[in-house]
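**Student:** PDB, N, CA and C atoms, saved as protein05.pdb, coming up:
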```pdb
ATOM      1  N   LEU N   8     -19.795 -49.475 -17.600
ATOM      2  CA  LEU N   8     -20.429 -48.172 -17.806
ATOM      3  C   LEU N   8     -19.819 -47.134 -16.887
ATOM      4  N   ASP N   9     -19.658 -45.932 -17.391
ATOM      5  CA  ASP N   9     -19.205 -44.879 -16.497
ATOM      6  C   ASP N   9     -20.414 -44.335 -15.735
ATOM      7  N   ASP N  10     -20.179 -43.446 -14.783
ATOM      8  CA  ASP N  10     -21.267 -42.960 -13.935
ATOM      9  C   ASP N  10     -22.400 -42.326 -14.741
ATOM     10  N   ASP N  11     -22.042 -41.539 -15.768
ATOM     11  CA  ASP N  11     -23.074 -40.854 -16.542
ATOM     12  C   ASP N  11     -23.934 -41.844 -17.323
ATOM     13  N   ALA N  12     -23.314 -42.840 -17.922
ATOM     14  CA  ALA N  12     -24.072 -43.837 -18.679
ATOM     15  C   ALA N  12     -24.976 -44.625 -17.743
ATOM     16  N   GLY N  13     -24.451 -45.005 -16.596
ATOM     17  CA  GLY N  13     -25.245 -45.741 -15.617
ATOM     18  C   GLY N  13     -26.413 -44.910 -15.123
ATOM     19  N   ALA N  14     -26.164 -43.634 -14.904
ATOM     20  CA  ALA N  14     -27.225 -42.752 -14.416
ATOM     21  C   ALA N  14     -28.335 -42.645 -15.451
ATOM     22  N   GLY N  15     -27.963 -42.502 -16.712
ATOM     23  CA  GLY N  15     -28.960 -42.374 -17.758
ATOM     24  C   GLY N  15     -29.813 -43.630 -17.907
ATOM     25  N   LEU N  16     -29.169 -44.776 -17.833
ATOM     26  CA  LEU N  16     -29.898 -46.028 -18.001
ATOM     27  C   LEU N  16     -30.883 -46.276 -16.870
ATOM     28  N   LEU N  17     -30.505 -45.951 -15.661
ATOM     29  CA  LEU N  17     -31.344 -46.232 -14.508
ATOM     30  C   LEU N  17     -32.261 -45.071 -14.144
ATOM     31  N   GLY N  18     -32.111 -43.946 -14.806
ATOM     32  CA  GLY N  18     -32.916 -42.775 -14.487
ATOM     33  C   GLY N  18     -32.456 -42.065 -13.230
ATOM     34  N   LEU N  19     -31.223 -42.337 -12.817
ATOM     35  CA  LEU N  19     -30.689 -41.720 -11.609
ATOM     36  C   LEU N  19     -29.838 -40.509 -11.969
ATOM     37  N   THR N  20     -29.776 -39.565 -11.040
ATOM     38  CA  THR N  20     -28.877 -38.423 -11.221
ATOM     39  C   THR N  20     -27.441 -38.897 -10.995
ATOM     40  N   ALA N  21     -26.487 -38.076 -11.376
ATOM     41  CA  ALA N  21     -25.080 -38.418 -11.163
ATOM     42  C   ALA N  21     -24.802 -38.628  -9.667
ATOM     43  N   ARG N  22     -25.371 -37.777  -8.815
ATOM     44  CA  ARG N  22     -25.145 -37.897  -7.368
ATOM     45  C   ARG N  22     -25.776 -39.183  -6.836
ATOM     46  N   GLU N  23     -26.975 -39.502  -7.303
ATOM     47  CA  GLU N  23     -27.624 -40.741  -6.873
ATOM     48  C   GLU N  23     -26.788 -41.952  -7.277
ATOM     49  N   THR N  24     -26.192 -41.870  -8.460
ATOM     50  CA  THR N  24     -25.331 -42.955  -8.923
ATOM     51  C   THR N  24     -24.109 -43.095  -8.024
ATOM     52  N   GLN N  25     -23.533 -41.962  -7.603
ATOM     53  CA  GLN N  25     -22.389 -42.000  -6.679
ATOM     54  C   GLN N  25     -22.784 -42.655  -5.362
ATOM     55  N   VAL N  26     -23.919 -42.256  -4.820
ATOM     56  CA  VAL N  26     -24.401 -42.818  -3.555
ATOM     57  C   VAL N  26     -24.631 -44.315  -3.697
ATOM     58  N   LEU N  27     -25.291 -44.721  -4.767
ATOM     59  CA  LEU N  27     -25.588 -46.138  -4.984
ATOM     60  C   LEU N  27     -24.304 -46.949  -5.138
ATOM     61  N   SER N  28     -23.327 -46.381  -5.806
ATOM     62  CA  SER N  28     -22.042 -47.063  -5.968
ATOM     63  C   SER N  28     -21.398 -47.340  -4.613
ATOM     64  N   LEU N  29     -21.451 -46.360  -3.711
ATOM     65  CA  LEU N  29     -20.873 -46.539  -2.379
ATOM     66  C   LEU N  29     -21.673 -47.552  -1.557
ATOM     67  N   VAL N  30     -22.991 -47.537  -1.713
ATOM     68  CA  VAL N  30     -23.829 -48.536  -1.028
ATOM     69  C   VAL N  30     -23.426 -49.931  -1.500
ATOM     70  N   ALA N  31     -23.231 -50.076  -2.804
ATOM     71  CA  ALA N  31     -22.855 -51.371  -3.377
ATOM     72  C   ALA N  31     -21.495 -51.841  -2.859
ATOM     73  N   GLN N  32     -20.654 -50.886  -2.452
ATOM     74  CA  GLN N  32     -19.341 -51.224  -1.895
ATOM     75  C   GLN N  32     -19.419 -51.507  -0.394
ATOM     76  N   GLY N  33     -20.624 -51.404   0.180
ATOM     77  CA  GLY N  33     -20.799 -51.732   1.588
ATOM     78  C   GLY N  33     -20.732 -50.552   2.547
ATOM     79  N   PHE N  34     -20.687 -49.342   2.016
ATOM     80  CA  PHE N  34     -20.633 -48.155   2.875
ATOM     81  C   PHE N  34     -21.962 -47.947   3.590
ATOM     82  N   GLN N  35     -21.901 -47.493   4.826
ATOM     83  CA  GLN N  35     -23.096 -47.104   5.566
ATOM     84  C   GLN N  35     -23.375 -45.630   5.269
ATOM     85  N   ASN N  36     -24.613 -45.183   5.544
ATOM     86  CA  ASN N  36     -24.991 -43.793   5.253
ATOM     87  C   ASN N  36     -24.010 -42.789   5.851
ATOM     88  N   LYS N  37     -23.592 -43.037   7.081
ATOM     89  CA  LYS N  37     -22.664 -42.122   7.759
ATOM     90  C   LYS N  37     -21.359 -41.994   6.970
ATOM     91  N   ASN N  38     -20.857 -43.119   6.482
ATOM     92  CA  ASN N  38     -19.603 -43.116   5.729
ATOM     93  C   ASN N  38     -19.770 -42.493   4.349
ATOM     94  N   ILE N  39     -20.929 -42.721   3.740
ATOM     95  CA  ILE N  39     -21.225 -42.107   2.443
ATOM     96  C   ILE N  39     -21.262 -40.591   2.606
ATOM     97  N   ALA N  40     -21.907 -40.134   3.673
ATOM     98  CA  ALA N  40     -21.997 -38.697   3.946
ATOM     99  C   ALA N  40     -20.600 -38.089   4.084
ATOM    100  N   GLU N  41     -19.731 -38.771   4.812
ATOM    101  CA  GLU N  41     -18.353 -38.279   4.987
ATOM    102  C   GLU N  41     -17.602 -38.263   3.661
ATOM    103  N   GLU N  42     -17.737 -39.339   2.897
ATOM    104  CA  GLU N  42     -17.022 -39.480   1.621
ATOM    105  C   GLU N  42     -17.436 -38.402   0.620
ATOM    106  N   LEU N  43     -18.742 -38.112   0.547
ATOM    107  CA  LEU N  43     -19.259 -37.171  -0.449
ATOM    108  C   LEU N  43     -19.477 -35.764   0.114
ATOM    109  N   LYS N  44     -19.104 -35.582   1.380
ATOM    110  CA  LYS N  44     -19.254 -34.280   2.054
ATOM    111  C   LYS N  44     -20.706 -33.802   2.032
ATOM    112  N   LEU N  45     -21.591 -34.710   2.444
ATOM    113  CA  LEU N  45     -23.016 -34.426   2.550
ATOM    114  C   LEU N  45     -23.447 -34.680   3.984
ATOM    115  N   SER N  46     -24.658 -34.239   4.323
ATOM    116  CA  SER N  46     -25.211 -34.612   5.623
ATOM    117  C   SER N  46     -25.774 -36.024   5.508
ATOM    118  N   GLU N  47     -25.865 -36.700   6.638
ATOM    119  CA  GLU N  47     -26.431 -38.046   6.637
ATOM    120  C   GLU N  47     -27.895 -38.000   6.168
ATOM    121  N   HIS N  48     -28.601 -36.927   6.523
ATOM    122  CA  HIS N  48     -29.991 -36.755   6.097
ATOM    123  C   HIS N  48     -30.091 -36.707   4.565
ATOM    124  N   THR N  49     -29.175 -35.988   3.925
ATOM    125  CA  THR N  49     -29.178 -35.890   2.467
ATOM    126  C   THR N  49     -28.933 -37.260   1.841
ATOM    127  N   VAL N  50     -28.041 -38.038   2.426
ATOM    128  CA  VAL N  50     -27.779 -39.391   1.918
ATOM    129  C   VAL N  50     -29.049 -40.235   2.028
ATOM    130  N   LYS N  51     -29.758 -40.110   3.151
ATOM    131  CA  LYS N  51     -31.006 -40.866   3.326
ATOM    132  C   LYS N  51     -32.032 -40.470   2.269
ATOM    133  N   LEU N  52     -32.116 -39.182   1.952
ATOM    134  CA  LEU N  52     -33.039 -38.717   0.905
ATOM    135  C   LEU N  52     -32.650 -39.296  -0.452
ATOM    136  N   HIS N  53     -31.346 -39.267  -0.762
ATOM    137  CA  HIS N  53     -30.886 -39.857  -2.017
ATOM    138  C   HIS N  53     -31.268 -41.336  -2.081
ATOM    139  N   MET N  54     -31.071 -42.058  -0.978
ATOM    140  CA  MET N  54     -31.402 -43.482  -0.954
ATOM    141  C   MET N  54     -32.896 -43.698  -1.172
ATOM    142  N   HIS N  55     -33.709 -42.854  -0.582
ATOM    143  CA  HIS N  55     -35.161 -42.952  -0.772
ATOM    144  C   HIS N  55     -35.507 -42.787  -2.252
ATOM    145  N   HIS N  56     -34.908 -41.779  -2.888
ATOM    146  CA  HIS N  56     -35.175 -41.527  -4.306
ATOM    147  C   HIS N  56     -34.671 -42.677  -5.180
ATOM    148  N   ILE N  57     -33.485 -43.189  -4.860
ATOM    149  CA  ILE N  57     -32.907 -44.301  -5.619
ATOM    150  C   ILE N  57     -33.826 -45.522  -5.553
ATOM    151  N   ILE N  58     -34.231 -45.870  -4.343
ATOM    152  CA  ILE N  58     -35.085 -47.045  -4.140
ATOM    153  C   ILE N  58     -36.402 -46.876  -4.909
ATOM    154  N   SER N  59     -36.967 -45.675  -4.843
ATOM    155  CA  SER N  59     -38.225 -45.406  -5.561
ATOM    156  C   SER N  59     -38.042 -45.516  -7.070
ATOM    157  N   LYS N  60     -36.993 -44.890  -7.600
ATOM    158  CA  LYS N  60     -36.756 -44.887  -9.046
ATOM    159  C   LYS N  60     -36.502 -46.294  -9.584
ATOM    160  N   LEU N  61     -35.820 -47.116  -8.796
ATOM    161  CA  LEU N  61     -35.484 -48.463  -9.256
ATOM    162  C   LEU N  61     -36.589 -49.475  -8.958
ATOM    163  N   GLY N  62     -37.574 -49.073  -8.158
ATOM    164  CA  GLY N  62     -38.626 -49.996  -7.771
ATOM    165  C   GLY N  62     -38.094 -51.106  -6.873
ATOM    166  N   ALA N  63     -37.048 -50.792  -6.126
ATOM    167  CA  ALA N  63     -36.409 -51.785  -5.246
ATOM    168  C   ALA N  63     -37.150 -51.847  -3.918
ATOM    169  N   SER N  64     -36.965 -52.965  -3.229
ATOM    170  CA  SER N  64     -37.622 -53.134  -1.925
ATOM    171  C   SER N  64     -36.776 -52.536  -0.801
ATOM    172  N   GLY N  65     -35.526 -52.227  -1.064
ATOM    173  CA  GLY N  65     -34.660 -51.658  -0.047
ATOM    174  C   GLY N  65     -33.283 -51.377  -0.608
ATOM    175  N   ARG N  66     -32.381 -50.931   0.251
ATOM    176  CA  ARG N  66     -31.049 -50.520  -0.219
ATOM    177  C   ARG N  66     -30.240 -51.692  -0.750
ATOM    178  N   THR N  67     -30.411 -52.877  -0.176
ATOM    179  CA  THR N  67     -29.655 -54.030  -0.653
ATOM    180  C   THR N  67     -30.077 -54.399  -2.068
ATOM    181  N   GLN N  68     -31.375 -54.441  -2.310
ATOM    182  CA  GLN N  68     -31.849 -54.762  -3.666
ATOM    183  C   GLN N  68     -31.414 -53.668  -4.653
ATOM    184  N   ALA N  69     -31.456 -52.423  -4.238
ATOM    185  CA  ALA N  69     -31.028 -51.325  -5.109
ATOM    186  C   ALA N  69     -29.550 -51.484  -5.480
ATOM    187  N   ALA N  70     -28.738 -51.862  -4.507
ATOM    188  CA  ALA N  70     -27.300 -52.038  -4.758
ATOM    189  C   ALA N  70     -27.052 -53.191  -5.727
ATOM    190  N   VAL N  71     -27.835 -54.243  -5.607
ATOM    191  CA  VAL N  71     -27.678 -55.399  -6.501
ATOM    192  C   VAL N  71     -28.043 -55.015  -7.937
ATOM    193  N   LEU N  72     -29.098 -54.202  -8.081
ATOM    194  CA  LEU N  72     -29.519 -53.764  -9.411
ATOM    195  C   LEU N  72     -28.455 -52.914 -10.062
TER
END
```
Please lay out the structure from this file as structure tokens.
**Tutor:**
Amino acid sequence: LDDDAGAGLLGLTARETQVLSLVAQGFQNKNIAEELKLSEHTVKLHMHHIISKLGASGRTQAAVL
């Protein structure tokens, strides 16, 4: 699936899908922030939304999903 298809299926925005993809690759929030030119706080907010939308117990479970 491309990013848009994945985002639609999981109910995630395109940016949330980008963040989740980097988490799945093992990136830490600091590195995700650098890669996507965001603040670390914004990455944490995206992760909070991702975890909530997926009903995951944490970032590792979200990445597996």
**Student:** Compare N:Ala40, N:Leu27, N:Leu52, N:Arg22 by their minimum atom-to-atom distance to N:Ala69, counting all atoms listed in the file, and give me the closest one.
**Tutor:** N:Leu27
**Student:** Evaluate the PyMOL selection byres ((chain N and resi 36) around 8) against this structure - the residues, as a list in words, please.
**Tutor:**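 Output of the PyMOL selection byres ((chain N and resi 36) around 8): Val30, Gly33, Phe34, Gln35, Lys37, Asn38, Ile39, Ala40, Glu41, Glu42, Ser46, Glu47, His48, Val50 and Lys51 of chain N.
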**Student:** Between N:Thr20, N:Lys44, N:Gln25, N:Met54, which residue has the minimum interatomic distance to N:Thr67, considering only C-alpha atoms?
**Tutor:**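 The shortest atom-to-atom distance to N:Thr67 comes from N:Met54.
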**Student:** If you run DSSP over the backbone, which residues in chain N end up helix (DSSP H, G or I)? Put them as a ChimeraX atom specification.
**Tutor:** /N:10-17,21-31,36-43,47-61,66-71
**Student:** Could you work out how far atom C of N:Leu19 lies from atom N of N:Gly62, giving the answer in Å with one decimal?
**Tutor:**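 One can read the atom N of N:Gly62 to atom C of N:Leu19 distance as 12.2 Å.
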